[in-house]
Each structure stands twice: as C-alpha cells, then as structure tokens.
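Notes to accompany the following structure.
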Amino acid sequence: MAEGPMSEAGERRRKLDNLLESGQSPYRNRFPDPEPVAPLLERYEAIENGQPSDDEHRVAGRILIKRGHGKATFLVLKDASGRVQLYGNIDILGEETYADFQHLDIGDVIGVTGPVFRTRRGELSVEARSFILLAKALHPLPEKWHGLTDVEIRYRQRYLDLIVNDEVHRSFYIRGKVLSSLRRFMDGRGFLEVETPILQTIPGGATARSFETHHNALDIDLYMRIALELHLKRLIVGGFDKVYEVGRIFRNEGISTKHNPEFTMMESQQAYADYKDVMEMLETLVAHIAMEVLGTLEVPWKGAEVDLTPPWRRVTLRELIRGHSGVDFVDYPDRDTLKVKVEELGVEVDPAASWGKLVDELLSNFVEPKLIQPTFIVDYPLELSPLARPKDEDPTLVERFEGFIGGMEIANCFSELTDPLDQRRRFEEQANQREAGDEEAGYVDEDFLTALEYGMPPSGGSGLGIDRLCMILTDSPSIRDAILFPLLKPDK
C-alpha cells in the first residue's frame with residue numbers, strides 16, 4: 001500500500017511515543033535568546049568558504065526542508081525573519097546525537113547552536129554543534145513544491161498559510177508596520193490615542209445593521225459598535241482637541257472580497273478643523289505610511305500601478321455619477337422617480353430603499369469600480385450624510401468626502417454637524433426610516449444630543465479602513481487576505 005498522510009502522521013506519533021518512553025520532553029519550555037537568522041546571515045555575508053565564524057550562534061525555528069543521508073544531513077530552518085540552512089554531521093554531533101538529528105521531521109521546531117560557515121556551494125549555513133527539539137510536529141506540512149493553495153484551508157488554518165507561504169507572512173508583517181506607522185504619524189500631529197466602548201446601549205455613527213447581545217447582570221440589551229465616531233465627538237465636547245482610535249468595528253452584513261463583519265478602522269476628530277483639513281491629513285497620512293513601510297508611493301495593484309502621491313484628485317459626486325451612469329440625480333428629487341431610473345439601468349434595489357440609498361447604488365455600481373487612482377469624492381447630498389455639516393453655500397449638500405483607491409472606498413470623512421437641533425431632526429428621520437423597514441437606519445441617541453447641547457467646537461472627522469488600506473499596500477485581492485483570521489462558516 002502506498003504511504004499517505006495518515007501513515008506519516010502515525011510515524012510521527014511513534015517518534016513522539018519513543019521520546020516520551022526515553023524520558024525526553026518533546027515540548028520544551030524555552031530556548032533563551034535565539035538570534036534572528038536574516039541579520040545573522042547578513043553579518044557574515046563576506047565570510048569565505050572553509051572559514052567558520054569564531055563565535056557560536058543560537059538560532060531557532062521550524063524545519064521546512066530536510067535532505068541528505070549517511071554522515072551528513074541538511075535542514076532548512078525558518079524563523080520570523082527568514083530562512084537558514086543547517087548542517088549536521090556525525091563526526092561533529094556524535095553517533096547518538098546525529099541519529100536524533102536525522103530523525104527530525106519537517107515541521108518540527110528546534111533550537112540549534114553552532115558557528116556560521118559557507119558551504120562548498122557558497123551557501124551560508126549554521127553548523128549544528130548541538131540542538132534541541134522544542135516542539136514535535138504531529139502533522140506533515142503541505143507538499144513543499146506546491147505549498148498551500150486551497151483558499152478555504154488557507155483562511156481556516158492561517159497558521160499553516162503563514163508557515164509555508166512567505167508572501168502571506170510578508171503581507172501581515174506589512175500590516176503590523178502600517179499600524180505602527182499610522183500611530184507615529186497621528187501622535188506626531190498632536191493627536192491622543194483613546195479607547196471607546198465596544199458594547200453600547202445605542203449603536204451609532206454609521207448606517208449599518210448591528211450585532212445584538214444581552215448583559216445578564218444589568219438585564220439590558222447591548223449592541224456591538226458599528227463606528228467609533230459618536231464617542232470621539234463626546235471627547236471633543238469634553239475638551240480633547242485631537243483624538244483618534246484604532247479599533248474593531250462590527251457590522252451584521254454580508255461577506256465579500258471587500259467586506260468582513262469584523263474589521264478595523266482608524267477614526268479621528270480634530271477640533272477647529274473642517275473636511276478640507278482632514279482631506280490634506282488623510283492623503284498625507286497614506287503617503288507617509290506607504291513611504292515608511294514600502295519605501296515607495298507607487299504600489300502594484302491587480303497588474304496596474306497606483307500612485308499615492310498627494311495631492312489626490314478631487315471631484316464632485318454629482319459629476320462622477322452623471323459621467324459614468326448618465327443620471328443626474330438632481331433631476332430626480334424624489335425617491336419614486338429615481339427608483340424607476342435606477343431600475344431602468346438594470347440595478348436591483350431594495351423596495352424600501354430611500355432616495356439617498358438609491359444615489360449610493362449609482363455610486364457603487366457605476367463609479368466606484370473605476371476609481372483605481374486615489375480620488376476624493378466631495379459634495380454629498382445631505383440625506384446620505386446624517387452626521388455631516390451642511391455647506392454654507394448650498395445646504396442641500398454637506399461638507400463630506402470619501403476616499404477611493406483601487407476601486408474601493410477606503411475613507412469616509414466630513415466636517416461634523418455640531419447643531420444639536422439639526423442633529424435631532426436627522427436622528428428622528430433616521431428613526432422613521434428604521435420604523436419603515438430600513439434595518440440599517442440609526443436611532444435617536446439622547447445622550448449624544450445632550451453632549452452637543454453643551455456645545456461642541458467645529459471639528460473635522462475621519463474614518464480610514466485599515467483592512468482595505470492594507471489590501472492596497474500588499475496587492476491583496478480580497479479582504480480575507482488582509483485579515484489574519486477572517487470570519488468563516490464553521491467547517492462541519
């Protein structure tokens with residue numbers, strides 16, 4: 001019978017049992033101070049063949065490749081920084097220790113001590129003078145030449161994806177650096193990082209369906225936040241002039257290449273600023289992150305190239321929708337006439353969709369996919385923007401912009417509405433829409449209205465989608481490639 005994965009797993013379990021029977025621990029508690037392999041190899045780049053380093057070095061990681069037989073065995077070890085070849089020889093290790101070295105499996109985690117040298121083929125390696133098994137792998141890794149290609153397995157078992165796919169490992173390393181760079185930028189501009197509640201009595205700050213839960217001790221229903229905005233505004237009322245938060249958002253919506261029910265946003269509020277100030281800050285922030293993390297403002301995206309150099313293109317919503325769909329929404333001022341026109345274009349719409357939702361459908365279907373280069377869309381209708389300040393010259397529009405890159409919205413920002421009476425009217429309109437069947441419409445948040453009644457300075461707010469930004473910076477086609485553990489239906 002041909003040997004398969006089950007027989008290999010059985011052989012690994014046999015080795016584990018042998019270790020236990022001999023009194024050896026297959027799962028050690030520590031291996032102090034291993035050196036990252038990438039800078040170690042860089043340090044010895046100039047070493048010549050046959051001249052091992054004077055010092056011995058400690059490296060640790062997972063075995064990815066094993067080859068050789070007889071008196072010499074070569075392993076390839078991977079740690080978080082890169083890969084290094086290990087060389088084990090019976091004359092150096094001794095017969096008994098070398099036998100243990102030979103019996104190591106691909107996937108095992110080991111620690112090795114020895115000098116760095118260059119092989120006759122010119123490859124920098126670590127000569128194993130001693131080694132220790134740190135964790136025995138009971139399952140084989142995916143086949144080394146083809147890697148892990150099954151998308152479903154990659155997302156469900158992200159740990160395997162990270163082990164065998166270096167590009168995936170790099171993408172999430174970049175994501176971590178993006179967050180660090182973002183914080184440095186915001187801190188450098190005088191913003192204070194804060195934390196606001198995830199569980200809320202009223203979900204607000206966006207039009208979205210929320211997740212609901214129940215707190216037993218207080219016997220009240222709670223909602224997981226759908227935005228960070230309203231609590232950040234409370235802080236502006238309270239006297240903090242510049243605040244931001246990087247936090248998880250939860251929306252009970254569909255899953256797609258651009259949507260995951262749990263995602264990360266950076267939202268900010270800046271007192272005494274408006275949406276034009278925020279526009280400058282946002283494009284500068286993204287360019288700063290790209291240059292600091294990637295060293296370039298020109299990034300590949302789906303076979304093309306996106307140029308993040310500020311200033312970004314500014315264009316009105318009306319102009320773009322009219323240019324790409326042929327519809328001037330100003331000519332259709334009521335819901336029913338616009339609904340007929342949108343349906344004539346072949347767009348399926350919710351029967352209960354408001355006029356604002358219909359305008360948004362035109363944007364999503366005809367404009368958004370074509371906005372590959374960075375673009376700010378400005379001048380949104382008031383009905384689409386229940387929290388934004390009206391324009392002085394045209395109160396039917398608001399001081400709001402959305403940022404688009406790669407055919408996706410990555411940011412939503414505006415001058416904040418600080419008039420408590422106007423805000424109450426808009427909340428009540430949202431509540432009426434909810435009662436009429438729109439499950440994404442908002443509630444009347446009395447506590448927030450009370451905060452506004454104490455006086456809120458003019459403020460510019462931003463909301464930047466971290467996951468989508470990371471998609472752009474890593475050329476990832478799906479948001480699941482930018483989230484370490486995306487939500488999946490349980491595997492039965």
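So you can find residues: chains in the structure tokens are A, B, ... in the order shown, residues in each start at 1, and ligands are numbered from 1 in order.
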Per-residue DSSP, range 147-292 of chain A, filtered to alpha helix (DSSP H), as number ranges by chain: A: 151-156, 158-164, 166-188, 229-237, 275-292
message: Neighbouring residues of Cys470 in chain A were defined as those with any atom within 10 Å, considering only C-alpha atoms; residues of the same chain fewer than 4 positions away were excluded. Please report them as a PyMOL selection string.
response: chain A and resi 171-172+174-176+178-179+290+465-466+474-476+479+481-483
Picked from range 248-358 of chain A by DSSP as strand (DSSP E or B), as an NGL selection string: :A and (248-250 or 256 or 259 or 262-271 or 298-301 or 304-307 or 313-316)
Once you have the residues from the selection above, write them out as a PDB file, in the first residue's frame, restricted to C-alpha atoms.
```
ATOM      1  CA  ARG A 248     -12.541  46.900  15.735  1.00  0.00           C
ATOM      2  CA  ILE A 249     -15.942  47.586  14.179  1.00  0.00           C
ATOM      3  CA  PHE A 250     -18.741  45.024  13.939  1.00  0.00           C
ATOM      4  CA  SER A 256     -17.463  39.696   0.100  1.00  0.00           C
ATOM      5  CA  HIS A 259     -16.486  43.118   3.461  1.00  0.00           C
ATOM      6  CA  GLU A 262     -15.438  42.354  11.909  1.00  0.00           C
ATOM      7  CA  PHE A 263     -12.955  44.898  10.612  1.00  0.00           C
ATOM      8  CA  THR A 264     -10.552  47.627  11.747  1.00  0.00           C
ATOM      9  CA  MET A 265     -10.976  51.381  11.432  1.00  0.00           C
ATOM     10  CA  MET A 266      -8.951  54.406  12.400  1.00  0.00           C
ATOM     11  CA  GLU A 267     -11.264  57.266  13.272  1.00  0.00           C
ATOM     12  CA  SER A 268     -10.185  60.708  14.382  1.00  0.00           C
ATOM     13  CA  GLN A 269     -11.653  64.019  15.462  1.00  0.00           C
ATOM     14  CA  GLN A 270      -9.867  67.369  15.265  1.00  0.00           C
ATOM     15  CA  ALA A 271     -11.399  70.443  16.854  1.00  0.00           C
ATOM     16  CA  GLU A 298       3.848  53.742  -6.443  1.00  0.00           C
ATOM     17  CA  VAL A 299       2.362  50.396  -5.467  1.00  0.00           C
ATOM     18  CA  PRO A 300       1.231  47.487  -7.666  1.00  0.00           C
ATOM     19  CA  TRP A 301      -2.492  46.750  -7.751  1.00  0.00           C
ATOM     20  CA  ALA A 304      -1.600  48.017 -12.672  1.00  0.00           C
ATOM     21  CA  GLU A 305       0.080  50.654 -10.538  1.00  0.00           C
ATOM     22  CA  VAL A 306      -1.436  53.069  -8.043  1.00  0.00           C
ATOM     23  CA  ASP A 307       0.309  56.375  -7.384  1.00  0.00           C
ATOM     24  CA  ARG A 313      -7.853  64.065  -7.404  1.00  0.00           C
ATOM     25  CA  ARG A 314     -10.937  65.932  -6.129  1.00  0.00           C
ATOM     26  CA  VAL A 315     -14.269  65.582  -7.960  1.00  0.00           C
ATOM     27  CA  THR A 316     -17.945  66.009  -7.019  1.00  0.00           C
TER      28      THR A 316
END
```
task: Find the residues near Glu152 in chain A: any atom within 12 Å, counting only C-alpha atoms, skip ones fewer than 3 places away on the same chain, and give them as an NGL selection string.
output: :A and (148-149 or 155-158 or 160-161 or 480-481 or 485-491)
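Separating CA of Met291 in chain A from CA of Glu167 in chain A is a distance of 19.6 Å.
Interatomic distance, CA of Glu229 in chain A to CA of Gly204 in chain A: 7.8 Å.
Minimum atom-to-atom distances from A:Glu245, A:Asp150, A:Glu348, A:Asp221 to Thr196 in chain A were compared using only C-alpha atoms, and the lowest value belongs to A:Glu245.
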